[in-house]
Structure formats: C-alpha cells, structure tokens
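Below: input38.txt (compact mmCIF, C-alpha atoms)
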```
# COMPACT_ATOMS: atom_id res chain seq x y z
CA LEU A 298 135.80 238.96 -140.96
CA TYR A 299 135.18 235.51 -142.42
CA ARG A 300 135.96 233.77 -139.15
CA LEU A 301 133.66 236.21 -137.37
CA GLY A 302 130.77 235.21 -139.62
CA LEU A 303 130.69 238.61 -141.34
CA TYR A 304 130.51 237.09 -144.80
CA GLU A 305 129.23 240.10 -146.75
CA GLN A 306 132.06 242.22 -145.38
CA ALA A 307 134.56 239.43 -145.97
CA LEU A 308 133.35 239.16 -149.56
CA GLU A 309 133.88 242.89 -150.06
CA GLU A 310 137.40 242.71 -148.64
CA HIS A 311 138.34 239.59 -150.56
CA THR A 312 137.00 241.15 -153.77
CA LYS A 313 139.13 244.24 -153.16
CA ALA A 314 142.15 242.02 -152.54
CA LEU A 315 141.52 240.20 -155.82
CA GLU A 316 141.25 243.48 -157.70
CA LEU A 317 144.55 244.66 -156.19
CA ARG A 318 146.29 241.42 -157.03
CA VAL A 319 145.06 241.55 -160.61
CA SER A 320 145.90 245.25 -161.07
CA ASN A 321 149.39 244.75 -159.63
CA HIS A 322 149.98 241.74 -161.89
CA LEU A 323 150.70 239.44 -159.00
CA GLN A 324 151.35 235.79 -159.66
CA LYS A 325 148.43 233.64 -160.70
CA PRO A 326 148.57 231.48 -157.53
CA ASP A 327 147.97 234.65 -155.49
CA ILE A 328 144.94 235.40 -157.63
CA ALA A 329 143.77 231.80 -157.13
CA ALA A 330 143.96 232.28 -153.35
CA SER A 331 141.69 235.32 -153.55
CA LEU A 332 139.24 233.45 -155.78
CA ASN A 333 139.17 230.63 -153.24
CA TRP A 334 138.36 233.01 -150.38
CA ILE A 335 135.63 234.63 -152.46
CA GLY A 336 134.21 231.19 -153.22
CA ASN A 337 134.13 230.34 -149.52
CA ASP A 338 132.41 233.65 -148.73
CA LEU A 339 129.80 232.93 -151.40
CA ILE A 340 129.15 229.45 -149.97
CA CYS A 341 128.43 231.01 -146.58
CA LEU A 342 126.09 233.51 -148.24
CA GLY A 343 124.24 230.71 -150.05
CA ARG A 344 125.26 231.99 -153.48
CA MET A 345 126.16 228.52 -154.66
CA PRO A 346 126.46 228.87 -158.47
CA GLU A 347 128.79 231.86 -158.08
CA ALA A 348 130.75 230.05 -155.39
CA LYS A 349 131.34 226.99 -157.53
CA GLN A 350 132.51 229.11 -160.46
CA LYS A 351 135.08 230.93 -158.29
CA LEU A 352 136.28 227.71 -156.66
CA GLU A 353 136.67 225.94 -160.00
CA GLU A 354 138.54 228.93 -161.38
CA SER A 355 140.87 228.84 -158.37
CA LEU A 356 141.45 225.10 -158.83
CA ASN A 357 142.17 225.46 -162.55
CA ILE A 358 144.67 228.29 -162.01
CA ARG A 359 146.46 226.34 -159.30
CA LYS A 360 146.66 223.22 -161.48
CA GLN A 361 147.96 225.24 -164.43
CA PHE A 362 150.63 227.14 -162.51
CA LEU A 363 151.51 224.81 -159.64
CA GLY A 364 150.88 221.37 -161.09
CA GLU A 365 148.55 218.51 -160.23
CA ARG A 366 150.17 217.53 -156.90
CA HIS A 367 151.16 220.84 -155.31
CA PRO A 368 150.04 221.14 -151.66
CA ASP A 369 148.28 224.46 -152.34
CA LEU A 370 145.94 222.61 -154.68
CA ALA A 371 144.44 220.99 -151.59
CA TRP A 372 142.94 224.31 -150.45
CA ALA A 373 140.81 224.54 -153.58
CA LEU A 374 139.85 220.87 -153.34
CA ILE A 375 138.76 221.26 -149.72
CA SER A 376 136.62 224.27 -150.61
CA LEU A 377 135.01 222.32 -153.44
CA SER A 378 134.40 219.49 -150.99
CA THR A 379 132.58 221.95 -148.74
CA TRP A 380 130.54 223.19 -151.71
CA TYR A 381 129.42 219.65 -152.54
CA GLU A 382 128.63 218.91 -148.91
CA GLU A 383 126.49 222.06 -148.68
CA GLN A 384 124.64 220.90 -151.80
CA GLY A 385 123.86 217.58 -150.12
CA ASN A 386 126.19 215.66 -152.43
CA LEU A 387 128.21 213.62 -149.97
CA SER A 388 129.89 211.48 -152.62
CA GLY A 389 131.20 214.62 -154.37
CA ALA A 390 132.36 216.04 -151.05
CA ILE A 391 134.21 212.84 -150.22
CA ARG A 392 135.80 212.65 -153.68
CA PHE A 393 137.31 216.15 -153.43
CA MET A 394 138.32 215.69 -149.79
CA GLN A 395 140.01 212.37 -150.58
CA GLU A 396 142.04 214.02 -153.32
CA ALA A 397 143.04 216.87 -150.98
CA TYR A 398 144.07 214.37 -148.30
CA ASP A 399 146.06 212.28 -150.78
CA ILE A 400 147.99 215.33 -151.97
CA ARG A 401 148.72 216.51 -148.45
CA LYS A 402 149.78 213.04 -147.31
CA GLU A 403 152.10 212.68 -150.30
CA GLN A 404 153.55 216.18 -150.26
CA LEU A 405 153.46 217.16 -146.58
CA ARG A 406 153.54 213.70 -144.94
CA SER A 407 151.10 212.09 -142.51
CA GLU A 408 152.22 213.95 -139.40
CA HIS A 409 151.78 217.47 -140.83
CA PRO A 410 148.92 219.38 -139.13
CA TYR A 411 147.28 220.12 -142.50
CA THR A 412 147.35 216.44 -143.42
CA ILE A 413 145.90 215.47 -140.05
CA ALA A 414 143.11 218.05 -140.43
CA ALA A 415 142.32 216.76 -143.93
CA LYS A 416 142.16 213.18 -142.64
CA GLN A 417 139.84 214.19 -139.81
CA ARG A 418 137.50 215.98 -142.21
CA LEU A 419 137.54 213.03 -144.61
CA ASP A 420 136.77 210.62 -141.77
CA LYS A 421 133.90 212.84 -140.65
CA LEU A 422 132.43 212.94 -144.14
CA MET A 423 132.76 209.18 -144.53
CA SER A 424 131.05 208.54 -141.20
CA GLU A 425 127.83 210.25 -142.26
CA PRO A 426 125.90 207.41 -143.95
CA GLU A 427 122.52 209.08 -143.49
CA LYS A 428 123.65 211.90 -145.76
CA ALA A 429 125.04 209.47 -148.33
CA GLU A 430 121.53 208.18 -149.00
CA HIS A 431 120.42 211.69 -149.93
CA SER A 432 123.42 212.68 -152.03
CA ILE A 433 122.76 213.81 -155.57
```

Now, as a test, write the supplied structure out as structure tokens.
Amino acid sequence: LYRLGLYEQALEEHTKALELRVSNHLQKPDIAASLNWIGNDLICLGRMPEAKQKLEESLNIRKQFLGERHPDLAWALISLSTWYEEQGNLSGAIRFMQEAYDIRKEQLRSEHPYTIAAKQRLDKLMSEPEKAEHSI
C-alpha cells in the first residue's frame, strides 16, 4: 500500500501490525520496524511532528537493543534523513544519511546493494546546493 501511494491505508495496516507485535510481545527490534513504517507513512501524509516522534522512537529502540553500529539502525537513520529533507533542512538530512551510509559501509561493505543505495542518496543530497542555502 505504501509503495502504491495509499498512505492512509498503509498507516492503518502498519498501526495494526504494531499493535499485534506489541500484544504478542515480539522483540523490540520488530516493534521498531513497525514504528519506522508508521513514521514513513506519516511523512507522506504531512503529519511531520508525529512522524518525527515515531522515527526517533524507532531509532532509540534499535540503538538500545541492537547497538550503535547495527546495520538495521541505518533504516531509522535514512527515514530521519527523509524527514529532515522534507522539512527543508538539508544539513540535517545529510547528517543522518552520512551516518546511515557509514554504518552500512562498515557493516555490509561497499559493494552491498544497501550500501550503494545509501551512497547514491547521500551523493544526491550533497549535490543540491540550492537547498542548502534554505536549510534550517
């Protein structure tokens, strides 16, 4: 649903998934994944304060249970990068994307498709100087 642009429906489904994960006492990283999807849905719906709260919660859970350099941490960092980019804060977007790229490069290596995708996104963000002048 998310990839189809049906963000309200995606939010409903991701919220149900979160509720199931919590009620079934699944591992905290699974809960963090649901929070991350909800945060992404909320970004697409323009509900930015709620989105940031969910994304930060996801990041904090992942750090607590997976550690500071786990590859799954990159997902939360990339979503936060998107949040900052949508807010017009290019320096914030670059900071989070750089951290995600560094983790992926260290943990997955340079040739991994996720690392390559992170590098491409970071390069794209860094090549947008006109936005950098307007960042908060």

Using all atoms listed in the file, which of the listed residues (A:Leu352, A:Ile400, A:Leu332, A:Met423) sits closest to Val319 in chain A?
->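 Of A:Leu352, A:Ile400, A:Leu332, A:Met423, the one nearest Val319 in chain A is A:Leu332, counting all atoms listed in the file.
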
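For the atom pair formed by CA of Glu425 in chain A and CA of Glu382 in chain A, the distance is 10.9 Å, given to one decimal.
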
For range 298-300 of chain A, work out the shell of residues within 12 Å, counting all atoms listed in the file and skipping chain neighbours fewer than 4 positions away, then give it as a PyMOL selection string.
-> chain A and resi 304-311+334-342

What is the distance between CA of Gln404 in chain A and CA of Ala314 in chain A, in Å to one decimal?
->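 Value for the CA of Gln404 in chain A-CA of Ala314 in chain A distance: 28.3 Å.
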
Measuring atom to atom with all atoms listed in the file, identify which of A:Ala390, A:Ile328, A:Met345, A:Ile413 is nearest to Asn357 in chain A.
-> A:Ile328

Listed atoms of range 360-374 of chain A boxed axis-aligned with 5 Å per side, centre + edges as lines of an AutoDock Vina configuration file:
```
center_x = 145.7
center_y = 222.3
center_z = -157.4
size_x = 21.7
size_y = 19.6
size_z = 24.0
```

Could you check which of A:Lys349, A:His409, A:Arg366, A:Arg359 is closest to Tyr381 in chain A, using all atoms listed in the file?
->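 Among the listed residues, A:Lys349 lies closest to Tyr381 in chain A.
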
Counting only C-alpha atoms, the residue among A:Met394, A:Leu301, A:Ala329, A:Leu356 that lies closest to Thr412 in chain A is A:Met394

So how far away is CA of Ile358 in chain A from CA of Ile391 in chain A, in Å?
->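 Interatomic distance here is 22.1 Å.
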
Can you work out which one of A:Ala414, A:Arg406, A:Arg401, A:Gln350 has the shortest atom-to-atom distance to Pro368 in chain A, counting all atoms listed in the file?
-> A:Arg401

Would you please work out which residue, of A:Ser388, A:Glu354, A:Lys402, A:Leu377, is nearest to Ser424 in chain A when using all atoms listed in the file?
->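 Under the stated criterion, the closest residue is A:Ser388.
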